[in-house]
Amino acid sequence: MSNITVSTLRKLKQAGEKFTCLTAYDASFSQLLDEAGVEVLLVGDSLGMVVQGQDSTLPVNITDMIYHSQNVRRGSRHALIVCDMPFMSYSTPAQALNNAGRLMKEGGAQMVKLEGGAVVLETVRELTSHGIPVCAHLGLLPQSVNKLGGYKVQGRDAADAQNILQDAKDLQDAGADLLVLECVPSALARTISETLEIPVIGIGAGPDTDAQVLVLYDMLGITPGKRPRFSKDFLAEAGTVSAAISAFVTAVKDGSFPGPEHSFE
Ligand code: KIV
């Protein structure tokens with residue numbers, strides 16, 4: 001049992017203390033992140049791109065997620081382990097319950113994450129009523145990249161921003177314990193973080209969310225190609241992997257990351 005729980009994260013939010021989240025896919029990195037004090041380890045379906053070399057997260061399946069979650073669980077002692085539900089593994093509440101149950105029972109995850117707003121509300125109610133904690137995910141939804149027409153900032157016009165805010169409130173009411181907000185304007189992320197009681201974890205959502213998450217391979221400068229604007233190569237300055245992870249933790253907690261150059265208006 002990890003000693004970081006959903007109530008630890010809520011207390012940090014209430015106290016105005018920022019917390020950290022990084023993606024993890026294996027036991028060695030999981031141990032390093034855990035020892036550096038990263039509170040939440042996200043077994044992200046970004047593993048499809050950074051580990052498997054796919055060009056999106058869509059091909060990732062539930063067996064992949066269980067395997068990586070097991071590995072992350074073995075390396076971690078303190079952090080809360082959140083595991084992504086892959087594309088099309090939660091298209092009905094019944095299917096979601098079965099697959100989320102597998103991520104928890106076989107994969108050792110302590111919370112599952114799924115993408116979307118109104119369309120997943122019934123599923124969030126189903127999971128949480130069975131004791132499965134849920135992290136919601138709004139803004140840029142990588143599993144919907146084909147529908148969105150690319151990896152683009154979301155919520156820039158007033159109607160979209162209002163929809164995202166309403167979805168966030170509805171997801172909290174449905175029982176979600178955490179919310180990831182990806183690639184939205186900083187002002188919208190600030191409004192949502194101030195409105196919700198549950199902690200909000202931002203990525204490309206400016207400095208005012210309750211926590212920050214990055215894809216581990218991006219913040220270590222390993223991901224090939226152009227790094228996303230919202231990310232930062234912490235290894236380039238820190239010199240070692242452990243120092244880079246500690247630098248990320250310090251920068252999130254003291255509010256120096258993300259800066260305006262990593263954020264959107
Ligand atoms: O899969 C992932 O790494 C994620 C983060 C981008 C939040 O969902």
# chains A, B, ... in the order shown; residues from 1 in each chain; ligands from 1
call {"tool": "residues_near_ligand", "arguments": {"ligand": "ligand 1", "cutoff": "9 Å", "atoms": "only C-alpha atoms and all ligand atoms", "output": "PDB file with all heavy atoms, in the first residue's frame"}}
result
ATOM      1  N   CYS A  21       3.803  14.778 -10.517  1.00  0.00           N
ATOM      2  CA  CYS A  21       3.431  13.520 -11.170  1.00  0.00           C
ATOM      3  C   CYS A  21       4.346  13.371 -12.383  1.00  0.00           C
ATOM      4  O   CYS A  21       4.611  14.358 -13.085  1.00  0.00           O
ATOM      5  CB  CYS A  21       1.966  13.605 -11.602  1.00  0.00           C
ATOM      6  SG  CYS A  21       1.352  12.198 -12.559  1.00  0.00           S
ATOM      7  N   LEU A  22       4.872  12.187 -12.597  1.00  0.00           N
ATOM      8  CA  LEU A  22       5.623  11.901 -13.827  1.00  0.00           C
ATOM      9  C   LEU A  22       5.149  10.558 -14.362  1.00  0.00           C
ATOM     10  O   LEU A  22       4.680   9.702 -13.581  1.00  0.00           O
ATOM     11  CB  LEU A  22       7.133  11.859 -13.565  1.00  0.00           C
ATOM     12  CG  LEU A  22       7.806  13.226 -13.396  1.00  0.00           C
ATOM     13  CD1 LEU A  22       9.231  13.072 -12.871  1.00  0.00           C
ATOM     14  CD2 LEU A  22       7.821  14.024 -14.717  1.00  0.00           C
ATOM     15  N   THR A  23       5.281  10.359 -15.650  1.00  0.00           N
ATOM     16  CA  THR A  23       4.933   9.045 -16.182  1.00  0.00           C
ATOM     17  C   THR A  23       6.045   8.066 -15.835  1.00  0.00           C
ATOM     18  O   THR A  23       7.218   8.444 -15.702  1.00  0.00           O
ATOM     19  CB  THR A  23       4.728   9.069 -17.713  1.00  0.00           C
ATOM     20  OG1 THR A  23       5.953   9.412 -18.348  1.00  0.00           O
ATOM     21  CG2 THR A  23       3.626  10.042 -18.106  1.00  0.00           C
ATOM     22  N   ALA A  24       5.662   6.802 -15.674  1.00  0.00           N
ATOM     23  CA  ALA A  24       6.635   5.734 -15.403  1.00  0.00           C
ATOM     24  C   ALA A  24       6.140   4.479 -16.105  1.00  0.00           C
ATOM     25  O   ALA A  24       4.915   4.261 -16.200  1.00  0.00           O
ATOM     26  CB  ALA A  24       6.752   5.493 -13.903  1.00  0.00           C
ATOM     27  N   LEU A  42       2.283   8.046 -13.072  1.00  0.00           N
ATOM     28  CA  LEU A  42       1.257   7.766 -14.076  1.00  0.00           C
ATOM     29  C   LEU A  42       1.805   6.755 -15.083  1.00  0.00           C
ATOM     30  O   LEU A  42       2.768   7.052 -15.804  1.00  0.00           O
ATOM     31  CB  LEU A  42       0.862   9.056 -14.804  1.00  0.00           C
ATOM     32  CG  LEU A  42      -0.060   8.867 -16.020  1.00  0.00           C
ATOM     33  CD1 LEU A  42      -1.405   8.269 -15.609  1.00  0.00           C
ATOM     34  CD2 LEU A  42      -0.262  10.195 -16.745  1.00  0.00           C
ATOM     35  N   VAL A  43       1.202   5.567 -15.092  1.00  0.00           N
ATOM     36  CA  VAL A  43       1.530   4.586 -16.138  1.00  0.00           C
ATOM     37  C   VAL A  43       0.708   5.030 -17.342  1.00  0.00           C
ATOM     38  O   VAL A  43      -0.454   4.643 -17.514  1.00  0.00           O
ATOM     39  CB  VAL A  43       1.178   3.146 -15.694  1.00  0.00           C
ATOM     40  CG1 VAL A  43       1.698   2.142 -16.725  1.00  0.00           C
ATOM     41  CG2 VAL A  43       1.734   2.848 -14.303  1.00  0.00           C
ATOM     42  N   GLY A  44       1.303   5.934 -18.114  1.00  0.00           N
ATOM     43  CA  GLY A  44       0.561   6.603 -19.190  1.00  0.00           C
ATOM     44  C   GLY A  44       0.532   5.742 -20.440  1.00  0.00           C
ATOM     45  O   GLY A  44       1.493   5.023 -20.743  1.00  0.00           O
ATOM     46  N   ASP A  45      -0.548   5.873 -21.204  1.00  0.00           N
ATOM     47  CA  ASP A  45      -0.565   5.165 -22.491  1.00  0.00           C
ATOM     48  C   ASP A  45       0.342   5.873 -23.503  1.00  0.00           C
ATOM     49  O   ASP A  45       0.515   5.397 -24.624  1.00  0.00           O
ATOM     50  CB  ASP A  45      -1.987   4.952 -23.021  1.00  0.00           C
ATOM     51  CG  ASP A  45      -2.739   6.242 -23.266  1.00  0.00           C
ATOM     52  OD1 ASP A  45      -2.209   7.332 -22.951  1.00  0.00           O
ATOM     53  OD2 ASP A  45      -3.879   6.167 -23.781  1.00  0.00           O
ATOM     54  N   SER A  46       0.984   6.977 -23.061  1.00  0.00           N
ATOM     55  CA  SER A  46       2.078   7.558 -23.850  1.00  0.00           C
ATOM     56  C   SER A  46       3.170   6.526 -24.078  1.00  0.00           C
ATOM     57  O   SER A  46       4.020   6.690 -24.954  1.00  0.00           O
ATOM     58  CB  SER A  46       2.664   8.785 -23.139  1.00  0.00           C
ATOM     59  OG  SER A  46       2.973   8.491 -21.790  1.00  0.00           O
ATOM     60  N   LEU A  47       3.155   5.429 -23.324  1.00  0.00           N
ATOM     61  CA  LEU A  47       4.137   4.353 -23.534  1.00  0.00           C
ATOM     62  C   LEU A  47       4.036   3.808 -24.958  1.00  0.00           C
ATOM     63  O   LEU A  47       5.016   3.286 -25.514  1.00  0.00           O
ATOM     64  CB  LEU A  47       3.976   3.245 -22.486  1.00  0.00           C
ATOM     65  CG  LEU A  47       2.719   2.354 -22.501  1.00  0.00           C
ATOM     66  CD1 LEU A  47       2.867   1.157 -23.440  1.00  0.00           C
ATOM     67  CD2 LEU A  47       2.421   1.850 -21.096  1.00  0.00           C
ATOM     68  N   GLY A  48       2.847   3.938 -25.564  1.00  0.00           N
ATOM     69  CA  GLY A  48       2.705   3.505 -26.952  1.00  0.00           C
ATOM     70  C   GLY A  48       3.675   4.244 -27.854  1.00  0.00           C
ATOM     71  O   GLY A  48       4.267   3.668 -28.770  1.00  0.00           O
ATOM     72  N   THR A  57      -1.236   6.990 -29.261  1.00  0.00           N
ATOM     73  CA  THR A  57      -1.501   6.076 -28.142  1.00  0.00           C
ATOM     74  C   THR A  57      -2.555   5.020 -28.507  1.00  0.00           C
ATOM     75  O   THR A  57      -2.828   4.119 -27.713  1.00  0.00           O
ATOM     76  CB  THR A  57      -2.005   6.868 -26.908  1.00  0.00           C
ATOM     77  OG1 THR A  57      -3.216   7.559 -27.251  1.00  0.00           O
ATOM     78  CG2 THR A  57      -0.974   7.872 -26.429  1.00  0.00           C
ATOM     79  N   CYS A  83      -3.054   4.376 -13.477  1.00  0.00           N
ATOM     80  CA  CYS A  83      -2.812   3.697 -14.762  1.00  0.00           C
ATOM     81  C   CYS A  83      -3.860   4.121 -15.783  1.00  0.00           C
ATOM     82  O   CYS A  83      -5.065   4.109 -15.505  1.00  0.00           O
ATOM     83  CB  CYS A  83      -2.869   2.179 -14.535  1.00  0.00           C
ATOM     84  SG  CYS A  83      -2.391   1.247 -15.994  1.00  0.00           S
ATOM     85  N   ASP A  84      -3.386   4.486 -16.969  1.00  0.00           N
ATOM     86  CA  ASP A  84      -4.302   4.867 -18.053  1.00  0.00           C
ATOM     87  C   ASP A  84      -5.124   3.680 -18.529  1.00  0.00           C
ATOM     88  O   ASP A  84      -4.589   2.574 -18.706  1.00  0.00           O
ATOM     89  CB  ASP A  84      -3.495   5.374 -19.263  1.00  0.00           C
ATOM     90  CG  ASP A  84      -3.452   6.882 -19.345  1.00  0.00           C
ATOM     91  OD1 ASP A  84      -4.398   7.546 -18.891  1.00  0.00           O
ATOM     92  OD2 ASP A  84      -2.443   7.394 -19.873  1.00  0.00           O
ATOM     93  N   LYS A 113      -7.093   6.122 -15.021  1.00  0.00           N
ATOM     94  CA  LYS A 113      -7.340   7.409 -15.695  1.00  0.00           C
ATOM     95  C   LYS A 113      -8.035   7.149 -17.019  1.00  0.00           C
ATOM     96  O   LYS A 113      -7.659   6.214 -17.738  1.00  0.00           O
ATOM     97  CB  LYS A 113      -6.032   8.168 -15.916  1.00  0.00           C
ATOM     98  CG  LYS A 113      -6.226   9.487 -16.668  1.00  0.00           C
ATOM     99  CD  LYS A 113      -5.023  10.405 -16.555  1.00  0.00           C
ATOM    100  CE  LYS A 113      -3.934  10.178 -17.548  1.00  0.00           C
ATOM    101  NZ  LYS A 113      -4.345  10.288 -18.981  1.00  0.00           N
ATOM    102  N   LEU A 114      -9.033   7.967 -17.316  1.00  0.00           N
ATOM    103  CA  LEU A 114      -9.700   7.854 -18.613  1.00  0.00           C
ATOM    104  C   LEU A 114      -9.995   9.243 -19.171  1.00  0.00           C
ATOM    105  O   LEU A 114     -10.102  10.218 -18.436  1.00  0.00           O
ATOM    106  CB  LEU A 114     -10.958   6.997 -18.514  1.00  0.00           C
ATOM    107  CG  LEU A 114     -11.910   7.168 -17.341  1.00  0.00           C
ATOM    108  CD1 LEU A 114     -12.781   8.370 -17.545  1.00  0.00           C
ATOM    109  CD2 LEU A 114     -12.759   5.921 -17.198  1.00  0.00           C
ATOM    110  N   GLU A 115     -10.058   9.309 -20.487  1.00  0.00           N
ATOM    111  CA  GLU A 115     -10.183  10.589 -21.183  1.00  0.00           C
ATOM    112  C   GLU A 115     -11.645  10.889 -21.528  1.00  0.00           C
ATOM    113  O   GLU A 115     -12.376   9.990 -21.930  1.00  0.00           O
ATOM    114  CB  GLU A 115      -9.358  10.564 -22.483  1.00  0.00           C
ATOM    115  CG  GLU A 115      -7.870  10.380 -22.237  1.00  0.00           C
ATOM    116  CD  GLU A 115      -7.039  10.380 -23.523  1.00  0.00           C
ATOM    117  OE1 GLU A 115      -7.578  10.683 -24.614  1.00  0.00           O
ATOM    118  OE2 GLU A 115      -5.835  10.074 -23.425  1.00  0.00           O
ATOM    119  N   HIS A 137      -9.607  13.169 -17.388  1.00  0.00           N
ATOM    120  CA  HIS A 137      -8.622  13.827 -18.276  1.00  0.00           C
ATOM    121  C   HIS A 137      -9.393  14.660 -19.290  1.00  0.00           C
ATOM    122  O   HIS A 137     -10.174  14.117 -20.072  1.00  0.00           O
ATOM    123  CB  HIS A 137      -7.781  12.728 -18.953  1.00  0.00           C
ATOM    124  CG  HIS A 137      -6.653  13.228 -19.814  1.00  0.00           C
ATOM    125  ND1 HIS A 137      -5.488  12.498 -20.004  1.00  0.00           N
ATOM    126  CD2 HIS A 137      -6.492  14.348 -20.557  1.00  0.00           C
ATOM    127  CE1 HIS A 137      -4.672  13.158 -20.810  1.00  0.00           C
ATOM    128  NE2 HIS A 137      -5.263  14.281 -21.177  1.00  0.00           N
ATOM    129  N   LEU A 141      -7.181  15.553 -25.684  1.00  0.00           N
ATOM    130  CA  LEU A 141      -7.370  14.131 -25.394  1.00  0.00           C
ATOM    131  C   LEU A 141      -6.615  13.338 -26.459  1.00  0.00           C
ATOM    132  O   LEU A 141      -7.096  13.181 -27.589  1.00  0.00           O
ATOM    133  CB  LEU A 141      -8.861  13.772 -25.424  1.00  0.00           C
ATOM    134  CG  LEU A 141      -9.776  14.651 -24.557  1.00  0.00           C
ATOM    135  CD1 LEU A 141     -11.230  14.229 -24.696  1.00  0.00           C
ATOM    136  CD2 LEU A 141      -9.335  14.612 -23.093  1.00  0.00           C
ATOM    137  N   PRO A 142      -5.416  12.824 -26.118  1.00  0.00           N
ATOM    138  CA  PRO A 142      -4.606  12.165 -27.154  1.00  0.00           C
ATOM    139  C   PRO A 142      -5.304  10.983 -27.828  1.00  0.00           C
ATOM    140  O   PRO A 142      -5.057  10.702 -28.996  1.00  0.00           O
ATOM    141  CB  PRO A 142      -3.354  11.719 -26.386  1.00  0.00           C
ATOM    142  CG  PRO A 142      -3.254  12.684 -25.244  1.00  0.00           C
ATOM    143  CD  PRO A 142      -4.679  12.971 -24.852  1.00  0.00           C
ATOM    144  N   VAL A 180      -6.699  15.439 -14.779  1.00  0.00           N
ATOM    145  CA  VAL A 180      -5.589  15.917 -15.606  1.00  0.00           C
ATOM    146  C   VAL A 180      -6.161  16.884 -16.639  1.00  0.00           C
ATOM    147  O   VAL A 180      -7.150  16.577 -17.298  1.00  0.00           O
ATOM    148  CB  VAL A 180      -4.854  14.747 -16.307  1.00  0.00           C
ATOM    149  CG1 VAL A 180      -3.954  15.262 -17.431  1.00  0.00           C
ATOM    150  CG2 VAL A 180      -4.030  13.950 -15.307  1.00  0.00           C
ATOM    151  N   LEU A 181      -5.541  18.055 -16.742  1.00  0.00           N
ATOM    152  CA  LEU A 181      -5.939  19.055 -17.748  1.00  0.00           C
ATOM    153  C   LEU A 181      -4.769  19.223 -18.689  1.00  0.00           C
ATOM    154  O   LEU A 181      -3.686  19.639 -18.264  1.00  0.00           O
ATOM    155  CB  LEU A 181      -6.158  20.407 -17.064  1.00  0.00           C
ATOM    156  CG  LEU A 181      -7.545  20.874 -16.715  1.00  0.00           C
ATOM    157  CD1 LEU A 181      -7.472  22.312 -16.216  1.00  0.00           C
ATOM    158  CD2 LEU A 181      -8.514  20.744 -17.879  1.00  0.00           C
ATOM    159  N   GLU A 182      -4.971  18.907 -19.961  1.00  0.00           N
ATOM    160  CA  GLU A 182      -3.851  18.928 -20.916  1.00  0.00           C
ATOM    161  C   GLU A 182      -4.055  20.016 -21.970  1.00  0.00           C
ATOM    162  O   GLU A 182      -5.107  20.069 -22.633  1.00  0.00           O
ATOM    163  CB  GLU A 182      -3.732  17.542 -21.587  1.00  0.00           C
ATOM    164  CG  GLU A 182      -2.606  17.476 -22.606  1.00  0.00           C
ATOM    165  CD  GLU A 182      -2.206  16.065 -23.019  1.00  0.00           C
ATOM    166  OE1 GLU A 182      -2.728  15.089 -22.447  1.00  0.00           O
ATOM    167  OE2 GLU A 182      -1.350  15.965 -23.919  1.00  0.00           O
ATOM    168  N   ILE A 201      -4.221  18.295 -12.046  1.00  0.00           N
ATOM    169  CA  ILE A 201      -2.828  18.100 -12.477  1.00  0.00           C
ATOM    170  C   ILE A 201      -2.712  18.643 -13.895  1.00  0.00           C
ATOM    171  O   ILE A 201      -3.424  18.185 -14.792  1.00  0.00           O
ATOM    172  CB  ILE A 201      -2.442  16.602 -12.458  1.00  0.00           C
ATOM    173  CG1 ILE A 201      -2.718  15.984 -11.079  1.00  0.00           C
ATOM    174  CG2 ILE A 201      -0.984  16.422 -12.857  1.00  0.00           C
ATOM    175  CD1 ILE A 201      -2.420  14.486 -10.997  1.00  0.00           C
ATOM    176  N   GLY A 202      -1.832  19.601 -14.107  1.00  0.00           N
ATOM    177  CA  GLY A 202      -1.731  20.230 -15.419  1.00  0.00           C
ATOM    178  C   GLY A 202      -0.559  19.721 -16.236  1.00  0.00           C
ATOM    179  O   GLY A 202       0.485  19.328 -15.695  1.00  0.00           O
ATOM    180  N   ILE A 203      -0.763  19.737 -17.551  1.00  0.00           N
ATOM    181  CA  ILE A 203       0.337  19.525 -18.511  1.00  0.00           C
ATOM    182  C   ILE A 203       0.049  20.478 -19.666  1.00  0.00           C
ATOM    183  O   ILE A 203      -0.992  20.357 -20.329  1.00  0.00           O
ATOM    184  CB  ILE A 203       0.482  18.037 -18.935  1.00  0.00           C
ATOM    185  CG1 ILE A 203       1.567  17.872 -20.012  1.00  0.00           C
ATOM    186  CG2 ILE A 203      -0.839  17.403 -19.379  1.00  0.00           C
ATOM    187  CD1 ILE A 203       2.018  16.428 -20.233  1.00  0.00           C
ATOM    188  N   VAL A 213       2.314  17.425 -14.369  1.00  0.00           N
ATOM    189  CA  VAL A 213       2.785  16.134 -14.874  1.00  0.00           C
ATOM    190  C   VAL A 213       3.532  16.371 -16.181  1.00  0.00           C
ATOM    191  O   VAL A 213       3.195  17.266 -16.952  1.00  0.00           O
ATOM    192  CB  VAL A 213       1.617  15.136 -15.105  1.00  0.00           C
ATOM    193  CG1 VAL A 213       0.568  15.657 -16.049  1.00  0.00           C
ATOM    194  CG2 VAL A 213       2.135  13.772 -15.585  1.00  0.00           C
ATOM    195  N   LEU A 214       4.576  15.569 -16.410  1.00  0.00           N
ATOM    196  CA  LEU A 214       5.249  15.538 -17.709  1.00  0.00           C
ATOM    197  C   LEU A 214       5.486  14.078 -18.087  1.00  0.00           C
ATOM    198  O   LEU A 214       5.530  13.194 -17.210  1.00  0.00           O
ATOM    199  CB  LEU A 214       6.607  16.256 -17.655  1.00  0.00           C
ATOM    200  CG  LEU A 214       6.580  17.789 -17.587  1.00  0.00           C
ATOM    201  CD1 LEU A 214       8.005  18.334 -17.480  1.00  0.00           C
ATOM    202  CD2 LEU A 214       5.869  18.407 -18.807  1.00  0.00           C
ATOM    203  N   VAL A 215       5.646  13.856 -19.380  1.00  0.00           N
ATOM    204  CA  VAL A 215       6.072  12.542 -19.850  1.00  0.00           C
ATOM    205  C   VAL A 215       7.563  12.424 -19.522  1.00  0.00           C
ATOM    206  O   VAL A 215       8.369  13.286 -19.888  1.00  0.00           O
ATOM    207  CB  VAL A 215       5.801  12.405 -21.370  1.00  0.00           C
ATOM    208  CG1 VAL A 215       6.438  11.136 -21.928  1.00  0.00           C
ATOM    209  CG2 VAL A 215       4.299  12.408 -21.643  1.00  0.00           C
ATOM    210  N   LEU A 216       7.916  11.377 -18.779  1.00  0.00           N
ATOM    211  CA  LEU A 216       9.280  11.210 -18.280  1.00  0.00           C
ATOM    212  C   LEU A 216      10.326  11.340 -19.398  1.00  0.00           C
ATOM    213  O   LEU A 216      11.342  12.022 -19.241  1.00  0.00           O
ATOM    214  CB  LEU A 216       9.391   9.826 -17.611  1.00  0.00           C
ATOM    215  CG  LEU A 216      10.739   9.467 -17.017  1.00  0.00           C
ATOM    216  CD1 LEU A 216      11.077  10.344 -15.821  1.00  0.00           C
ATOM    217  CD2 LEU A 216      10.770   7.996 -16.615  1.00  0.00           C
TER     218      LEU A 216
END
call {"tool": "residues_around", "arguments": {"residues": "Phe234 in chain A", "least_positions_apart": "6", "cutoff": "8 Å", "atoms": "only C-alpha atoms", "output": "list in words"}}
result
Met219, Leu220, Gly221, Ala244, Ile245, Ala247 and Phe248 of chain A
call {"tool": "write_last_selection", "arguments": {"atoms": "N, CA and C atoms", "output": "short mmCIF file (atom, residue, chain, number, x, y, z; two decimals), in the first residue's frame"}}
result
data_model
loop_
_atom_site.label_atom_id
_atom_site.label_comp_id
_atom_site.auth_asym_id
_atom_site.auth_seq_id
_atom_site.Cartn_x
_atom_site.Cartn_y
_atom_site.Cartn_z
N MET A 219 10.97 14.96 -20.34
CA MET A 219 11.72 15.80 -19.39
C MET A 219 13.15 15.30 -19.19
N LEU A 220 13.45 14.12 -19.75
CA LEU A 220 14.85 13.66 -19.75
C LEU A 220 15.48 13.85 -21.13
N GLY A 221 14.74 14.46 -22.04
CA GLY A 221 15.30 14.76 -23.37
C GLY A 221 15.52 13.52 -24.22
N ALA A 244 17.94 15.40 -12.39
CA ALA A 244 16.89 15.98 -13.25
C ALA A 244 15.52 15.79 -12.60
N ILE A 245 15.29 14.61 -12.06
CA ILE A 245 14.00 14.35 -11.42
C ILE A 245 13.83 15.25 -10.19
N ALA A 247 15.25 18.12 -9.74
CA ALA A 247 15.08 19.50 -10.20
C ALA A 247 13.64 19.75 -10.61
N PHE A 248 13.02 18.76 -11.25
CA PHE A 248 11.59 18.90 -11.62
C PHE A 248 10.74 19.05 -10.36
#
call {"tool": "select_by_dssp", "arguments": {"residues": "range 36-184 of chain A", "states": "helix (DSSP H, G or I)", "output": "MDAnalysis selection string"}}
result
chainID A and resid 47:50 62:75 93:105 118:129 142:148 158:174
call {"tool": "atom_distance", "arguments": {"atom1": "CA of Leu97 in chain A", "atom2": "CA of Val134 in chain A"}}
result
11.4 Å
call {"tool": "closest_residue", "arguments": {"among": "A:Asp233, A:Asp177, A:Asp218, A:Asp208", "to": "Pro260 in chain A", "atoms": "only C-alpha atoms"}}
result
A:Asp208
call {"tool": "select_by_dssp", "arguments": {"residues": "range 124-256 of chain A", "states": "strand (DSSP E)", "output": "list of chain:residue names"}}
result
A:Val134, A:Cys135, A:Ala136, A:His137, A:Leu138, A:Gly139, A:Leu178, A:Leu179, A:Val180, A:Leu181, A:Glu182, A:Val200, A:Ile201, A:Gly202, A:Ile203, A:Ala211, A:Gln212, A:Val213, A:Leu214
call {"tool": "closest_residue", "arguments": {"among": "A:Pro185, A:Gly107, A:Gly175, A:Gly75", "to": "Leu32 in chain A", "atoms": "only C-alpha atoms"}}
result
A:Gly75
call {"tool": "closest_residue", "arguments": {"among": "A:Arg10, A:Arg227, A:Arg190, A:Arg125", "to": "Asp173 in chain A", "atoms": "only C-alpha atoms"}}
result
A:Arg125
call {"tool": "atom_distance", "arguments": {"atom1": "CA of Gly155 in chain A", "atom2": "CA of Gly139 in chain A"}}
result
6.9 Å
call {"tool": "residues_around", "arguments": {"residues": "Gly259 in chain A", "least_positions_apart": "6", "cutoff": "10 Å", "atoms": "only C-alpha atoms", "output": "list of chain:residue names"}}
result
A:Gly206, A:Pro207, A:Phe230, A:Lys232, A:Ala251
call {"tool": "closest_residue", "arguments": {"among": "A:Asp167, A:Glu261, A:Glu197, A:Glu39", "to": "Lys18 in chain A", "atoms": "only C-alpha atoms"}}
result
A:Glu39
call {"tool": "atom_distance", "arguments": {"atom1": "CA of Ala118 in chain A", "atom2": "CA of Leu138 in chain A"}}
result
10.5 Å
call {"tool": "closest_residue", "arguments": {"among": "A:Ala136, A:Val124, A:Val51, A:Val252", "to": "Ala94 in chain A", "atoms": "only C-alpha atoms"}}
result
A:Val124
call {"tool": "residues_around", "arguments": {"residues": "Ser76 in chain A", "least_positions_apart": "4", "cutoff": "8 Å", "atoms": "only C-alpha atoms", "output": "PyMOL selection string"}}
result
chain A and resi 2+27+30-31+34+72
call {"tool": "write_last_selection", "arguments": {"atoms": "all heavy atoms", "output": "mmCIF file, in the first residue's frame"}}
result
data_model
loop_
_atom_site.group_PDB
_atom_site.id
_atom_site.type_symbol
_atom_site.label_atom_id
_atom_site.label_comp_id
_atom_site.auth_asym_id
_atom_site.auth_seq_id
_atom_site.Cartn_x
_atom_site.Cartn_y
_atom_site.Cartn_z
ATOM 1 N N SER A 2 0.668 2.087 -0.949
ATOM 2 C CA SER A 2 1.466 3.324 -0.965
ATOM 3 C C SER A 2 1.028 4.211 0.193
ATOM 4 O O SER A 2 -0.077 4.086 0.695
ATOM 5 C CB SER A 2 1.243 4.072 -2.277
ATOM 6 O OG SER A 2 -0.004 4.696 -2.269
ATOM 7 N N ALA A 27 10.207 -0.627 -13.547
ATOM 8 C CA ALA A 27 10.529 -0.643 -12.114
ATOM 9 C C ALA A 27 11.706 0.265 -11.771
ATOM 10 O O ALA A 27 11.707 0.906 -10.710
ATOM 11 C CB ALA A 27 10.825 -2.079 -11.679
ATOM 12 N N SER A 30 10.593 3.820 -11.820
ATOM 13 C CA SER A 30 9.605 3.955 -10.757
ATOM 14 C C SER A 30 10.306 4.149 -9.409
ATOM 15 O O SER A 30 9.939 5.030 -8.617
ATOM 16 C CB SER A 30 8.730 2.700 -10.768
ATOM 17 O OG SER A 30 7.978 2.604 -9.619
ATOM 18 N N GLN A 31 11.350 3.365 -9.174
ATOM 19 C CA GLN A 31 12.088 3.481 -7.903
ATOM 20 C C GLN A 31 12.755 4.855 -7.784
ATOM 21 O O GLN A 31 12.697 5.503 -6.734
ATOM 22 C CB GLN A 31 13.121 2.364 -7.805
ATOM 23 C CG GLN A 31 13.805 2.346 -6.455
ATOM 24 C CD GLN A 31 14.703 1.135 -6.270
ATOM 25 O OE1 GLN A 31 14.554 0.128 -6.953
ATOM 26 N NE2 GLN A 31 15.643 1.238 -5.350
ATOM 27 N N ASP A 34 10.081 7.504 -7.158
ATOM 28 C CA ASP A 34 9.543 7.332 -5.806
ATOM 29 C C ASP A 34 10.525 7.897 -4.775
ATOM 30 O O ASP A 34 10.138 8.626 -3.861
ATOM 31 C CB ASP A 34 9.333 5.826 -5.589
ATOM 32 C CG ASP A 34 8.493 5.520 -4.382
ATOM 33 O OD1 ASP A 34 7.267 5.565 -4.501
ATOM 34 O OD2 ASP A 34 9.072 5.249 -3.311
ATOM 35 N N VAL A 72 5.885 -0.964 -12.696
ATOM 36 C CA VAL A 72 5.943 0.291 -11.925
ATOM 37 C C VAL A 72 5.622 0.003 -10.462
ATOM 38 O O VAL A 72 6.283 0.505 -9.546
ATOM 39 C CB VAL A 72 4.980 1.332 -12.540
ATOM 40 C CG1 VAL A 72 4.814 2.540 -11.634
ATOM 41 C CG2 VAL A 72 5.500 1.762 -13.917
#
call {"tool": "residues_around", "arguments": {"residues": "Asn61 in chain A", "least_positions_apart": "6", "cutoff": "10 Å", "atoms": "only C-alpha atoms", "output": "list of chain:residue names"}}
result
A:Asp45, A:Gly48, A:Met85, A:Pro86, A:Phe87, A:Met88, A:Ser89
call {"tool": "closest_residue", "arguments": {"among": "A:Ala211, A:Ala236, A:Cys183, A:Ala96", "to": "Asp254 in chain A", "atoms": "only C-alpha atoms"}}
result
A:Ala211
